[in-house]
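Peer 1: Pasting work-v2.pdb here (PDB, C-alpha atoms):
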```
MODEL        1
ATOM      1  CA  MET A1257      15.882-186.590 -37.532
ATOM      2  CA  PHE A1258      15.243-189.997 -39.152
ATOM      3  CA  LYS A1259      11.808-190.261 -37.487
ATOM      4  CA  LYS A1260      10.845-186.800 -38.766
ATOM      5  CA  ASN A1261      11.756-187.845 -42.309
ATOM      6  CA  MET A1262       9.649-191.003 -41.918
ATOM      7  CA  ASP A1263       6.716-188.897 -40.701
ATOM      8  CA  LYS A1264       6.960-186.862 -43.909
ATOM      9  CA  LEU A1265       6.909-190.012 -46.023
ATOM     10  CA  ILE A1266       3.795-191.247 -44.261
ATOM     11  CA  VAL A1267       1.849-188.055 -45.059
ATOM     12  CA  LYS A1268      -0.781-188.888 -47.678
ATOM     13  CA  LYS A1269      -0.841-187.331 -51.126
ATOM     14  CA  GLN A1270      -3.876-185.548 -52.549
ATOM     15  CA  ASN A1271      -5.112-188.866 -54.027
ATOM     16  CA  LYS A1272      -5.218-190.274 -50.457
ATOM     17  CA  GLN A1273      -2.490-192.894 -51.193
ATOM     18  CA  ALA A1274       0.473-193.084 -48.755
ATOM     19  CA  VAL A1275       4.032-193.064 -50.145
ATOM     20  CA  ILE A1276       4.893-195.877 -47.688
ATOM     21  CA  THR A1277       2.989-197.384 -44.821
ATOM     22  CA  GLU A1278       3.790-196.794 -41.155
ATOM     23  CA  GLU A1279       4.842-200.432 -40.855
ATOM     24  CA  GLN A1280       7.336-200.026 -43.728
ATOM     25  CA  ALA A1281       8.681-196.854 -42.127
ATOM     26  CA  LEU A1282       9.313-198.672 -38.839
ATOM     27  CA  MET A1283      11.119-201.470 -40.694
ATOM     28  CA  LEU A1284      13.401-198.906 -42.382
ATOM     29  CA  MET A1285      14.161-197.339 -39.000
ATOM     30  CA  GLN A1286      15.070-200.749 -37.554
ATOM     31  CA  LYS A1287      17.383-201.476 -40.491
ATOM     32  CA  ALA A1288      19.035-198.064 -40.064
ATOM     33  CA  ASN A1289      19.647-198.768 -36.368
ATOM     34  CA  VAL A1290      21.220-202.132 -37.222
ATOM     35  CA  LEU A1291      23.495-200.489 -39.818
ATOM     36  CA  ASN A1292      24.511-197.839 -37.274
ATOM     37  CA  MET A1293      25.370-200.544 -34.746
ATOM     38  CA  LEU A1294      27.427-202.424 -37.348
ATOM     39  CA  ASP A1295      29.288-199.223 -38.275
ATOM     40  CA  TYR A1296      30.019-198.521 -34.603
ATOM     41  CA  TYR A1297      31.247-202.089 -34.055
ATOM     42  CA  LYS A1298      33.484-201.838 -37.129
ATOM     43  CA  GLN A1299      34.920-198.519 -35.923
ATOM     44  CA  GLU A1300      35.465-199.937 -32.436
ATOM     45  CA  GLN A1301      37.507-202.822 -33.850
ATOM     46  CA  LEU A1302      39.577-200.455 -36.004
ATOM     47  CA  VAL A1303      40.238-198.134 -33.053
ATOM     48  CA  LYS A1304      41.376-201.049 -30.892
ATOM     49  CA  SER A1305      43.973-201.916 -33.532
ATOM     50  CA  ILE A1306      45.603-198.450 -33.243
ATOM     51  CA  ASN A1307      48.753-198.184 -31.119
ATOM     52  CA  TYR A1308      47.958-194.825 -29.521
ATOM     53  CA  GLU A1309      51.324-194.167 -27.829
ATOM     54  CA  GLU A1310      53.210-195.036 -31.008
ATOM     55  CA  GLU A1311      50.993-192.734 -33.095
ATOM     56  CA  LYS A1312      51.406-189.908 -30.594
ATOM     57  CA  GLU A1313      55.208-190.118 -30.654
ATOM     58  CA  THR A1314      55.198-190.274 -34.469
ATOM     59  CA  PHE A1315      53.070-187.117 -34.520
ATOM     60  CA  LEU A1316      55.399-185.282 -32.130
ATOM     61  CA  LYS A1317      58.503-186.296 -34.072
ATOM     62  CA  GLN A1318      57.273-184.382 -37.106
ATOM     63  CA  CYS A1319      57.326-181.057 -35.198
ATOM     64  CA  LYS A1320      59.822-178.665 -36.731
ATOM     65  CA  SER A1321      61.071-177.168 -33.459
ATOM     66  CA  SER A1322      61.550-178.406 -29.904
ATOM     67  CA  GLN A1323      59.313-175.614 -28.589
ATOM     68  CA  THR A1324      56.437-176.598 -30.900
ATOM     69  CA  LYS A1325      56.912-180.221 -29.863
ATOM     70  CA  GLN A1326      56.756-179.231 -26.196
ATOM     71  CA  LYS A1327      53.571-177.167 -26.689
ATOM     72  CA  TYR A1328      51.860-179.998 -28.609
ATOM     73  CA  ARG A1329      52.834-182.538 -25.954
ATOM     74  CA  GLN A1330      51.497-180.298 -23.186
ATOM     75  CA  ALA A1331      48.177-179.881 -25.038
ATOM     76  CA  ILE A1332      47.806-183.626 -25.612
ATOM     77  CA  ASN A1333      48.652-184.253 -21.936
ATOM     78  CA  ILE A1334      45.824-181.894 -20.920
ATOM     79  CA  LEU A1335      43.441-183.794 -23.214
ATOM     80  CA  GLU A1336      44.625-187.162 -21.841
ATOM     81  CA  LYS A1337      44.139-186.000 -18.246
ATOM     82  CA  TYR A1338      40.602-184.828 -19.086
ATOM     83  CA  CYS A1339      39.783-188.206 -20.682
ATOM     84  CA  GLU A1340      41.129-190.012 -17.634
ATOM     85  CA  GLU A1341      38.961-187.909 -15.286
ATOM     86  CA  LYS A1342      35.858-188.482 -17.439
ATOM     87  CA  ASN A1343      36.663-192.153 -18.145
ATOM     88  CA  LEU A1344      36.742-191.531 -21.912
ATOM     89  CA  ASN A1345      38.718-193.209 -24.685
ATOM     90  CA  ILE A1346      40.559-190.405 -26.481
ATOM     91  CA  LEU A1347      40.260-192.221 -29.825
ATOM     92  CA  PHE A1348      36.445-192.267 -29.533
ATOM     93  CA  PHE A1349      36.210-188.482 -29.280
ATOM     94  CA  LYS A1350      33.092-187.180 -31.058
ATOM     95  CA  ALA A1351      31.677-183.674 -31.538
ATOM     96  CA  LYS A1352      30.053-183.599 -28.075
ATOM     97  CA  GLU A1353      33.234-184.741 -26.314
ATOM     98  CA  SER A1354      35.309-182.183 -28.229
ATOM     99  CA  ASP A1355      32.956-179.331 -27.304
ATOM    100  CA  ASP A1356      32.772-180.484 -23.671
ATOM    101  CA  PHE A1357      36.569-180.580 -23.457
ATOM    102  CA  ILE A1358      36.870-176.997 -24.762
ATOM    103  CA  MET A1359      34.177-175.828 -22.332
ATOM    104  CA  HIS A1360      36.126-177.536 -19.534
ATOM    105  CA  ILE A1361      39.430-175.744 -20.253
ATOM    106  CA  LYS A1362      37.574-172.438 -20.704
ATOM    107  CA  THR A1363      36.744-172.613 -16.982
ATOM    108  CA  SER A1364      40.478-172.533 -16.163
ATOM    109  CA  LYS A1365      42.553-169.403 -15.612
ATOM    110  CA  LEU A1366      44.258-169.786 -18.990
ATOM    111  CA  SER A1367      44.108-166.888 -21.433
ATOM    112  CA  ASN A1368      41.981-167.117 -24.574
ATOM    113  CA  LEU A1369      45.144-167.390 -26.654
ATOM    114  CA  SER A1370      46.447-170.317 -24.572
ATOM    115  CA  ILE A1371      43.110-172.135 -24.874
ATOM    116  CA  ARG A1372      43.053-171.616 -28.644
ATOM    117  CA  LEU A1373      46.598-173.003 -28.872
ATOM    118  CA  ILE A1374      45.583-176.125 -26.910
ATOM    119  CA  VAL A1375      42.562-176.676 -29.171
ATOM    120  CA  SER A1376      44.652-176.109 -32.298
ATOM    121  CA  ALA A1377      47.270-178.610 -31.100
ATOM    122  CA  CYS A1378      44.601-181.231 -30.350
ATOM    123  CA  SER A1379      42.983-180.573 -33.720
ATOM    124  CA  SER A1380      46.340-181.040 -35.482
ATOM    125  CA  PHE A1381      46.818-184.332 -33.656
ATOM    126  CA  PHE A1382      43.396-185.631 -34.716
ATOM    127  CA  THR A1383      43.960-184.483 -38.299
ATOM    128  CA  PHE A1384      47.188-186.503 -38.250
ATOM    129  CA  LEU A1385      45.326-189.557 -36.887
ATOM    130  CA  HIS A1386      42.560-189.181 -39.480
ATOM    131  CA  ARG A1387      45.081-189.117 -42.336
ATOM    132  CA  ARG A1388      46.573-192.391 -41.090
ATOM    133  CA  HIS A1389      43.292-194.021 -40.021
ATOM    134  CA  PRO A1390      40.567-192.358 -42.160
ATOM    135  CA  ILE A1391      37.805-194.843 -41.363
ATOM    136  CA  ALA A1392      38.424-195.142 -37.625
ATOM    137  CA  ILE A1393      39.234-191.549 -36.633
ATOM    138  CA  GLU A1394      37.533-188.213 -37.340
ATOM    139  CA  ASN A1395      38.638-184.744 -36.257
ATOM    140  CA  PHE A1396      35.626-183.281 -34.476
ATOM    141  CA  PHE A1397      37.574-180.215 -33.322
ATOM    142  CA  ILE A1398      37.137-178.880 -36.857
ATOM    143  CA  GLY A1399      34.031-176.696 -37.058
ATOM    144  CA  THR A1400      33.553-176.319 -33.304
ATOM    145  CA  LYS A1401      31.977-173.057 -32.153
ATOM    146  CA  MET A1402      33.329-173.420 -28.624
ATOM    147  CA  ARG A1403      36.734-171.817 -29.192
ATOM    148  CA  PRO A1404      37.062-168.552 -27.271
ATOM    149  CA  PRO A1405      37.631-165.324 -29.258
ATOM    150  CA  ALA A1406      41.212-164.615 -30.325
ATOM    151  CA  ARG A1407      41.462-161.516 -28.164
ATOM    152  CA  ASN A1408      42.995-162.201 -24.759
ATOM    153  CA  LYS A1409      40.987-161.859 -21.556
ATOM    154  CA  LYS A1410      43.471-159.282 -20.395
ATOM    155  CA  LYS A1411      46.121-157.115 -21.978
ATOM    156  CA  ILE A1412      49.520-158.716 -22.507
ATOM    157  CA  GLU A1413      51.967-157.301 -19.974
ATOM    158  CA  VAL A1414      55.131-156.022 -21.643
ATOM    159  CA  PRO A1415      58.200-155.097 -19.569
ATOM    160  CA  SER A1416      59.655-151.618 -19.684
ATOM    161  CA  LYS A1417      63.317-150.991 -20.458
ATOM    162  CA  LYS A1418      64.041-150.402 -16.752
ATOM    163  CA  GLU A1419      62.325-153.654 -15.777
ATOM    164  CA  ILE A1420      64.373-155.630 -18.310
ATOM    165  CA  GLU A1421      67.540-154.021 -16.947
ATOM    166  CA  LYS A1422      66.546-155.046 -13.391
ATOM    167  CA  ILE A1423      65.977-158.641 -14.516
ATOM    168  CA  ILE A1424      69.355-158.718 -16.287
ATOM    169  CA  GLU A1425      71.071-157.385 -13.131
ATOM    170  CA  ASN A1426      69.394-160.144 -11.115
ATOM    171  CA  ILE A1427      70.863-162.886 -13.356
ATOM    172  CA  SER A1428      74.387-164.048 -12.487
ATOM    173  CA  ASP A1429      75.161-166.116 -15.615
ATOM    174  CA  LYS A1430      76.871-163.843 -18.178
ATOM    175  CA  ALA A1431      75.710-165.919 -21.156
ATOM    176  CA  ILE A1432      72.062-165.677 -20.010
ATOM    177  CA  LYS A1433      72.451-161.927 -19.450
ATOM    178  CA  SER A1434      73.794-161.615 -22.980
ATOM    179  CA  ALA A1435      70.953-163.743 -24.366
ATOM    180  CA  VAL A1436      68.376-161.355 -22.872
ATOM    181  CA  VAL A1437      70.228-158.343 -24.283
ATOM    182  CA  PHE A1438      70.417-160.021 -27.699
ATOM    183  CA  ILE A1439      66.635-160.633 -27.799
ATOM    184  CA  CYS A1440      66.010-157.105 -26.553
ATOM    185  CA  GLU A1441      68.183-155.601 -29.324
ATOM    186  CA  CYS A1442      67.511-158.046 -32.211
ATOM    187  CA  GLY A1443      64.058-159.487 -31.450
ATOM    188  CA  VAL A1444      64.900-163.152 -32.157
ATOM    189  CA  ARG A1445      62.965-166.023 -30.561
ATOM    190  CA  VAL A1446      64.759-167.730 -27.690
ATOM    191  CA  GLY A1447      64.640-171.018 -29.638
ATOM    192  CA  ALA A1448      66.983-169.529 -32.250
ATOM    193  CA  LEU A1449      69.791-168.714 -29.787
ATOM    194  CA  PRO A1450      71.579-172.080 -29.233
ATOM    195  CA  ASN A1451      72.442-172.459 -32.944
ATOM    196  CA  LEU A1452      72.908-168.755 -33.625
ATOM    197  CA  GLU A1453      76.086-167.606 -35.395
ATOM    198  CA  ILE A1454      77.365-164.056 -35.919
ATOM    199  CA  ARG A1455      79.282-163.172 -39.080
ATOM    200  CA  LYS A1456      80.144-159.650 -40.223
ATOM    201  CA  LYS A1457      77.637-157.957 -37.934
ATOM    202  CA  LYS A1458      74.784-160.270 -38.997
ATOM    203  CA  TYR A1459      73.272-163.213 -37.153
ATOM    204  CA  TYR A1460      72.222-166.487 -38.772
ATOM    205  CA  SER A1461      70.162-169.256 -37.207
ATOM    206  CA  PHE A1462      67.073-171.458 -37.504
ATOM    207  CA  SER A1463      63.670-170.682 -35.978
ATOM    208  CA  LYS A1464      60.481-172.727 -36.359
ATOM    209  CA  GLY A1465      62.142-174.864 -39.008
ATOM    210  CA  LYS A1466      63.358-172.066 -41.285
ATOM    211  CA  GLU A1467      66.558-170.061 -41.744
ATOM    212  CA  ILE A1468      66.569-166.573 -40.263
ATOM    213  CA  SER A1469      69.051-163.695 -40.318
ATOM    214  CA  GLY A1470      69.313-160.074 -39.256
ATOM    215  CA  LYS A1471      71.584-157.213 -38.316
ATOM    216  CA  VAL A1472      73.506-157.092 -35.039
ATOM    217  CA  SER A1473      74.244-153.649 -33.628
ATOM    218  CA  ASP A1474      77.677-152.541 -32.425
ATOM    219  CA  LYS A1475      76.150-152.114 -28.962
ATOM    220  CA  THR A1476      75.155-155.807 -28.878
ATOM    221  CA  ILE A1477      78.518-157.012 -30.194
ATOM    222  CA  ASN A1478      80.362-154.935 -27.602
ATOM    223  CA  TYR A1479      78.161-156.403 -24.848
ATOM    224  CA  LEU A1480      79.013-159.935 -25.992
ATOM    225  CA  LYS A1481      82.719-159.078 -26.074
ATOM    226  CA  LYS A1482      82.493-157.539 -22.608
ATOM    227  CA  ASN A1483      81.133-160.853 -21.285
ATOM    228  CA  LYS A1484      83.896-162.765 -23.154
ATOM    229  CA  LEU A1485      81.530-164.823 -25.308
ATOM    230  CA  ASP A1486      82.541-166.460 -28.560
ATOM    231  CA  LEU A1487      81.119-164.191 -31.254
ATOM    232  CA  LYS A1488      80.853-167.042 -33.721
ATOM    233  CA  GLN A1489      78.403-169.005 -31.523
ATOM    234  CA  PRO A1490      77.806-167.015 -28.319
ATOM    235  CA  PHE A1491      75.005-169.211 -26.918
ATOM    236  CA  LYS A1492      76.043-172.685 -28.092
ATOM    237  CA  ASN A1493      76.339-174.006 -24.510
ATOM    238  CA  LYS A1494      72.893-172.773 -23.405
ATOM    239  CA  SER A1495      69.659-174.500 -24.360
ATOM    240  CA  SER A1496      66.576-172.387 -24.997
ATOM    241  CA  GLU A1497      64.879-174.096 -22.042
ATOM    242  CA  VAL A1498      67.674-173.076 -19.649
ATOM    243  CA  ILE A1499      67.560-169.463 -20.872
ATOM    244  CA  ARG A1500      63.764-169.418 -20.590
ATOM    245  CA  ASN A1501      63.713-170.878 -17.062
ATOM    246  CA  ILE A1502      66.483-168.714 -15.599
ATOM    247  CA  PHE A1503      64.879-165.551 -16.982
ATOM    248  CA  TYR A1504      61.461-166.476 -15.582
ATOM    249  CA  ARG A1505      62.845-167.334 -12.126
ATOM    250  CA  SER A1506      64.636-163.987 -11.992
ATOM    251  CA  SER A1507      61.493-162.185 -13.116
ATOM    252  CA  LYS A1508      59.400-164.034 -10.523
ATOM    253  CA  ARG A1509      61.817-163.138  -7.702
ATOM    254  CA  LEU A1510      61.677-159.447  -8.587
ATOM    255  CA  TYR A1511      57.886-159.521  -8.921
ATOM    256  CA  ASN A1512      57.513-161.126  -5.466
ATOM    257  CA  ARG A1513      59.691-158.337  -4.048
ATOM    258  CA  GLY A1514      57.485-155.712  -5.722
ATOM    259  CA  CYS A1515      60.302-154.527  -8.003
ATOM    260  CA  ILE A1516      58.468-155.154 -11.299
ATOM    261  CA  LYS A1517      54.760-155.177 -12.237
ATOM    262  CA  ALA A1518      54.460-158.743 -13.634
ATOM    263  CA  LYS A1519      56.124-162.161 -13.858
ATOM    264  CA  TYR A1520      57.518-161.862 -17.369
ATOM    265  CA  SER A1521      58.623-164.603 -19.739
ATOM    266  CA  ILE A1522      61.609-164.348 -22.072
ATOM    267  CA  HIS A1523      59.162-163.997 -24.996
ATOM    268  CA  ASP A1524      57.886-160.765 -23.423
ATOM    269  CA  VAL A1525      61.315-159.280 -24.216
ATOM    270  CA  ARG A1526      60.554-159.965 -27.898
ATOM    271  CA  HIS A1527      57.262-158.115 -27.373
ATOM    272  CA  TYR A1528      59.246-155.207 -25.958
ATOM    273  CA  PHE A1529      61.460-155.221 -29.064
ATOM    274  CA  ALA A1530      58.421-155.191 -31.400
ATOM    275  CA  ILE A1531      56.709-152.351 -29.496
ATOM    276  CA  THR A1532      59.881-150.249 -29.356
ATOM    277  CA  LEU A1533      60.544-150.682 -33.081
ATOM    278  CA  TYR A1534      56.908-149.951 -33.985
ATOM    279  CA  LYS A1535      56.796-146.748 -31.929
ATOM    280  CA  LYS A1536      60.096-145.668 -33.465
ATOM    281  CA  THR A1537      59.352-146.418 -37.136
ATOM    282  CA  LYS A1538      55.630-147.309 -37.640
ATOM    283  CA  ASP A1539      57.032-149.464 -40.482
ATOM    284  CA  ILE A1540      55.255-152.840 -40.428
ATOM    285  CA  GLU A1541      57.396-154.320 -43.195
ATOM    286  CA  LEU A1542      60.566-153.437 -41.276
ATOM    287  CA  ILE A1543      59.112-155.079 -38.170
ATOM    288  CA  ARG A1544      58.149-158.165 -40.209
ATOM    289  CA  GLN A1545      61.753-158.525 -41.382
ATOM    290  CA  ALA A1546      63.152-157.941 -37.875
ATOM    291  CA  LEU A1547      60.801-160.518 -36.322
ATOM    292  CA  ASN A1548      61.404-162.937 -39.226
ATOM    293  CA  HIS A1549      57.687-163.408 -39.887
ATOM    294  CA  SER A1550      56.833-165.260 -43.119
ATOM    295  CA  ASN A1551      54.273-162.649 -44.188
ATOM    296  CA  ILE A1552      53.021-159.229 -43.172
ATOM    297  CA  ALA A1553      49.581-160.536 -42.115
ATOM    298  CA  ILE A1554      51.238-162.417 -39.237
ATOM    299  CA  THR A1555      53.003-159.209 -38.176
ATOM    300  CA  GLY A1556      49.666-157.376 -38.234
ATOM    301  CA  LEU A1557      48.105-160.003 -35.939
ATOM    302  CA  TYR A1558      51.165-159.850 -33.683
ATOM    303  CA  LEU A1559      50.893-156.072 -33.324
ATOM    304  CA  ARG A1560      47.127-156.247 -32.713
ATOM    305  CA  SER A1561      47.688-158.786 -29.936
ATOM    306  CA  LEU A1562      49.904-156.136 -28.322
ATOM    307  CA  GLU A1563      47.152-153.565 -28.954
ATOM    308  CA  LEU A1564      49.357-151.506 -31.259
ATOM    309  CA  GLN A1565      46.965-151.715 -34.224
ATOM    310  CA  GLU A1566      43.203-151.756 -34.623
TER     311      GLU A1566
ENDMDL
END
```
Take the structure I supplied and represent it as structure tokens, if you would.
Peer 2:
Amino acid sequence: MFKKNMDKLIVKKQNKQAVITEEQALMLMQKANVLNMLDYYKQEQLVKSINYEEEKETFLKQCKSSQTKQKYRQAINILEKYCEEKNLNILFFKAKESDDFIMHIKTSKLSNLSIRLIVSACSSFFTFLHRRHPIAIENFFIGTKMRPPARNKKKIEVPSKKEIEKIIENISDKAIKSAVVFICECGVRVGALPNLEIRKKKYYSFSKGKEISGKVSDKTINYLKKNKLDLKQPFKNKSSEVIRNIFYRSSKRLYNRGCIKAKYSIHDVRHYFAITLYKKTKDIELIRQALNHSNIAITGLYLRSLELQE
């Protein structure tokens, strides 16, 4: 690019006088190269002064929920592994390295949505680093055209009511059974369950760093009572990770036996809740409130990901 600009400057005007000579143009190019080398050396010294592990942990500590923290850590681990394989310094990531990394994970069996989440997490991390080290670090994930489209490669598999019942029957822990029923009936995220309280047929908890609440049906309350759980805090002794893992293992066992059509996650039960409520009411605002989304646009995207809206 610089050479092309110099070629333009060397072109003679109508009066046959050059703007600058070829020799002067070459001198300017040499000076530019020296300045670029000095800038690179300066950046290299600044990067070396950054305590990467300390910055990473500081970034992860700011996550509002344990699930978000886990997802961000997993994404950064994938990036670190890629850098190790390619013998790259993660703090020297430029536009080419960012695009190459995205192209690399696009060759995996991950869904488009999972890949976009990894890229978004890495981008958030580099934005954090840039804010703290503006001269040394840039976020070259911003503006990349390599992200896959938002639509998934394949349709999200959502369990039927009978499949959810089979999974519940296959779980021995009464508290985990009740947790699945609660998500199925109320649509809450699994991360909200450990701190969830029930008062006067309403639940109260925290999800993704904000307070949430909603109605609890008599059917759900009776199920909790049947399993002799404390109605005030029915899931206080179960972490979201334990609930998530036990559900998935049960689902996987049944899938391997040919009893259900997919290996479902606990979040797929929330999908079932959203689909059931949408088919019953077609009321997006009601679904937004039930899912505790911050705005209706998010609910619209959620329903489109489940192919319920165009």
Peer 1: For Leu1533 of chain A, which of A:Gly1443, A:Gly1556, A:Gly1514, A:Gly1470 is the closest residue, counting only C-alpha atoms?
Peer 2: A:Gly1443
Peer 1: So which residues fall inside 12 Å of (57.6, -178.6, -32.4) if we count all atoms listed in the file? Mind giving them as a PDB file with C-alpha atoms, in the coordinates of the input?
Peer 2:
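Result went into selection01.pdb, see below:
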```pdb
ATOM      1  CA  GLU A1313      55.208-190.118 -30.654  1.00  0.00           C
ATOM      2  CA  PHE A1315      53.070-187.117 -34.520  1.00  0.00           C
ATOM      3  CA  LEU A1316      55.399-185.282 -32.130  1.00  0.00           C
ATOM      4  CA  LYS A1317      58.503-186.296 -34.072  1.00  0.00           C
ATOM      5  CA  GLN A1318      57.273-184.382 -37.106  1.00  0.00           C
ATOM      6  CA  CYS A1319      57.326-181.057 -35.198  1.00  0.00           C
ATOM      7  CA  LYS A1320      59.822-178.665 -36.731  1.00  0.00           C
ATOM      8  CA  SER A1321      61.071-177.168 -33.459  1.00  0.00           C
ATOM      9  CA  SER A1322      61.550-178.406 -29.904  1.00  0.00           C
ATOM     10  CA  GLN A1323      59.313-175.614 -28.589  1.00  0.00           C
ATOM     11  CA  THR A1324      56.437-176.598 -30.900  1.00  0.00           C
ATOM     12  CA  LYS A1325      56.912-180.221 -29.863  1.00  0.00           C
ATOM     13  CA  GLN A1326      56.756-179.231 -26.196  1.00  0.00           C
ATOM     14  CA  LYS A1327      53.571-177.167 -26.689  1.00  0.00           C
ATOM     15  CA  TYR A1328      51.860-179.998 -28.609  1.00  0.00           C
ATOM     16  CA  ARG A1329      52.834-182.538 -25.954  1.00  0.00           C
ATOM     17  CA  GLN A1330      51.497-180.298 -23.186  1.00  0.00           C
ATOM     18  CA  ALA A1377      47.270-178.610 -31.100  1.00  0.00           C
ATOM     19  CA  SER A1380      46.340-181.040 -35.482  1.00  0.00           C
ATOM     20  CA  GLY A1447      64.640-171.018 -29.638  1.00  0.00           C
ATOM     21  CA  SER A1463      63.670-170.682 -35.978  1.00  0.00           C
ATOM     22  CA  LYS A1464      60.481-172.727 -36.359  1.00  0.00           C
ATOM     23  CA  GLY A1465      62.142-174.864 -39.008  1.00  0.00           C
TER      24      GLY A1465
END
```
Peer 1: Expand the PyMOL selection byres ((chain A and resi 1450-1461) around 7) into the individual residues it matches in the shown file, reporting them as a PyMOL selection string.
Peer 2: chain A and resi 1448-1449+1462-1463+1467-1473+1487-1489+1491-1496
Peer 1: Please measure the separation of atom CA of Gln1545 of chain A and atom CA of Leu1559 of chain A, giving the value in Å to one decimal.
Peer 2: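 We find that atom CA of Gln1545 of chain A and atom CA of Leu1559 of chain A lie 13.7 Å from each other.
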Peer 1: Using only C-alpha atoms, which residues sit within 8 Å of Ser1506 of chain A once same-chain residues fewer than 2 positions away are excluded, as a ChimeraX atom specification?
Peer 2: /A:1423,1426-1427,1502-1504,1508-1510
Peer 1: Since the input lacks atoms, please generate N, CA and C atoms for segment 1529-1546 of chain A and provide them as an mmCIF file, in the frame of the given file.
Peer 2:
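Output file result_4.cif is given in full below:
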```cif
data_model
loop_
_atom_site.group_PDB
_atom_site.id
_atom_site.type_symbol
_atom_site.label_atom_id
_atom_site.label_comp_id
_atom_site.auth_asym_id
_atom_site.auth_seq_id
_atom_site.Cartn_x
_atom_site.Cartn_y
_atom_site.Cartn_z
ATOM 1 N N PHE A 1529 60.737 -155.586 -27.839
ATOM 2 C CA PHE A 1529 61.460 -155.221 -29.064
ATOM 3 C C PHE A 1529 60.484 -154.759 -30.149
ATOM 4 N N ALA A 1530 59.394 -155.523 -30.354
ATOM 5 C CA ALA A 1530 58.421 -155.191 -31.400
ATOM 6 C C ALA A 1530 57.751 -153.843 -31.121
ATOM 7 N N ILE A 1531 57.371 -153.605 -29.863
ATOM 8 C CA ILE A 1531 56.709 -152.351 -29.496
ATOM 9 C C ILE A 1531 57.652 -151.165 -29.687
ATOM 10 N N THR A 1532 58.889 -151.324 -29.237
ATOM 11 C CA THR A 1532 59.881 -150.249 -29.356
ATOM 12 C C THR A 1532 60.129 -149.891 -30.820
ATOM 13 N N LEU A 1533 60.287 -150.920 -31.661
ATOM 14 C CA LEU A 1533 60.544 -150.682 -33.081
ATOM 15 C C LEU A 1533 59.322 -150.068 -33.763
ATOM 16 N N TYR A 1534 58.127 -150.499 -33.381
ATOM 17 C CA TYR A 1534 56.908 -149.951 -33.985
ATOM 18 C C TYR A 1534 56.744 -148.470 -33.627
ATOM 19 N N LYS A 1535 56.936 -148.148 -32.365
ATOM 20 C CA LYS A 1535 56.796 -146.748 -31.929
ATOM 21 C C LYS A 1535 57.846 -145.849 -32.584
ATOM 22 N N LYS A 1536 58.996 -146.436 -32.872
ATOM 23 C CA LYS A 1536 60.096 -145.668 -33.465
ATOM 24 C C LYS A 1536 59.907 -145.460 -34.964
ATOM 25 N N THR A 1537 59.384 -146.476 -35.666
ATOM 26 C CA THR A 1537 59.352 -146.418 -37.136
ATOM 27 C C THR A 1537 57.950 -146.427 -37.747
ATOM 28 N N LYS A 1538 56.975 -147.074 -37.088
ATOM 29 C CA LYS A 1538 55.630 -147.309 -37.640
ATOM 30 C C LYS A 1538 55.685 -148.065 -38.973
ATOM 31 N N ASP A 1539 56.806 -148.740 -39.217
ATOM 32 C CA ASP A 1539 57.032 -149.464 -40.482
ATOM 33 C C ASP A 1539 56.784 -150.952 -40.259
ATOM 34 N N ILE A 1540 55.620 -151.445 -40.684
ATOM 35 C CA ILE A 1540 55.255 -152.840 -40.428
ATOM 36 C C ILE A 1540 56.153 -153.809 -41.200
ATOM 37 N N GLU A 1541 56.534 -153.448 -42.406
ATOM 38 C CA GLU A 1541 57.396 -154.320 -43.195
ATOM 39 C C GLU A 1541 58.768 -154.466 -42.534
ATOM 40 N N LEU A 1542 59.286 -153.385 -41.990
ATOM 41 C CA LEU A 1542 60.566 -153.437 -41.276
ATOM 42 C C LEU A 1542 60.448 -154.346 -40.054
ATOM 43 N N ILE A 1543 59.338 -154.244 -39.358
ATOM 44 C CA ILE A 1543 59.112 -155.079 -38.170
ATOM 45 C C ILE A 1543 58.976 -156.545 -38.582
ATOM 46 N N ARG A 1544 58.285 -156.796 -39.702
ATOM 47 C CA ARG A 1544 58.149 -158.165 -40.209
ATOM 48 C C ARG A 1544 59.514 -158.789 -40.458
ATOM 49 N N GLN A 1545 60.406 -158.031 -41.094
ATOM 50 C CA GLN A 1545 61.753 -158.525 -41.382
ATOM 51 C C GLN A 1545 62.534 -158.765 -40.089
ATOM 52 N N ALA A 1546 62.409 -157.824 -39.138
ATOM 53 C CA ALA A 1546 63.152 -157.941 -37.875
ATOM 54 C C ALA A 1546 62.673 -159.131 -37.048
#
```
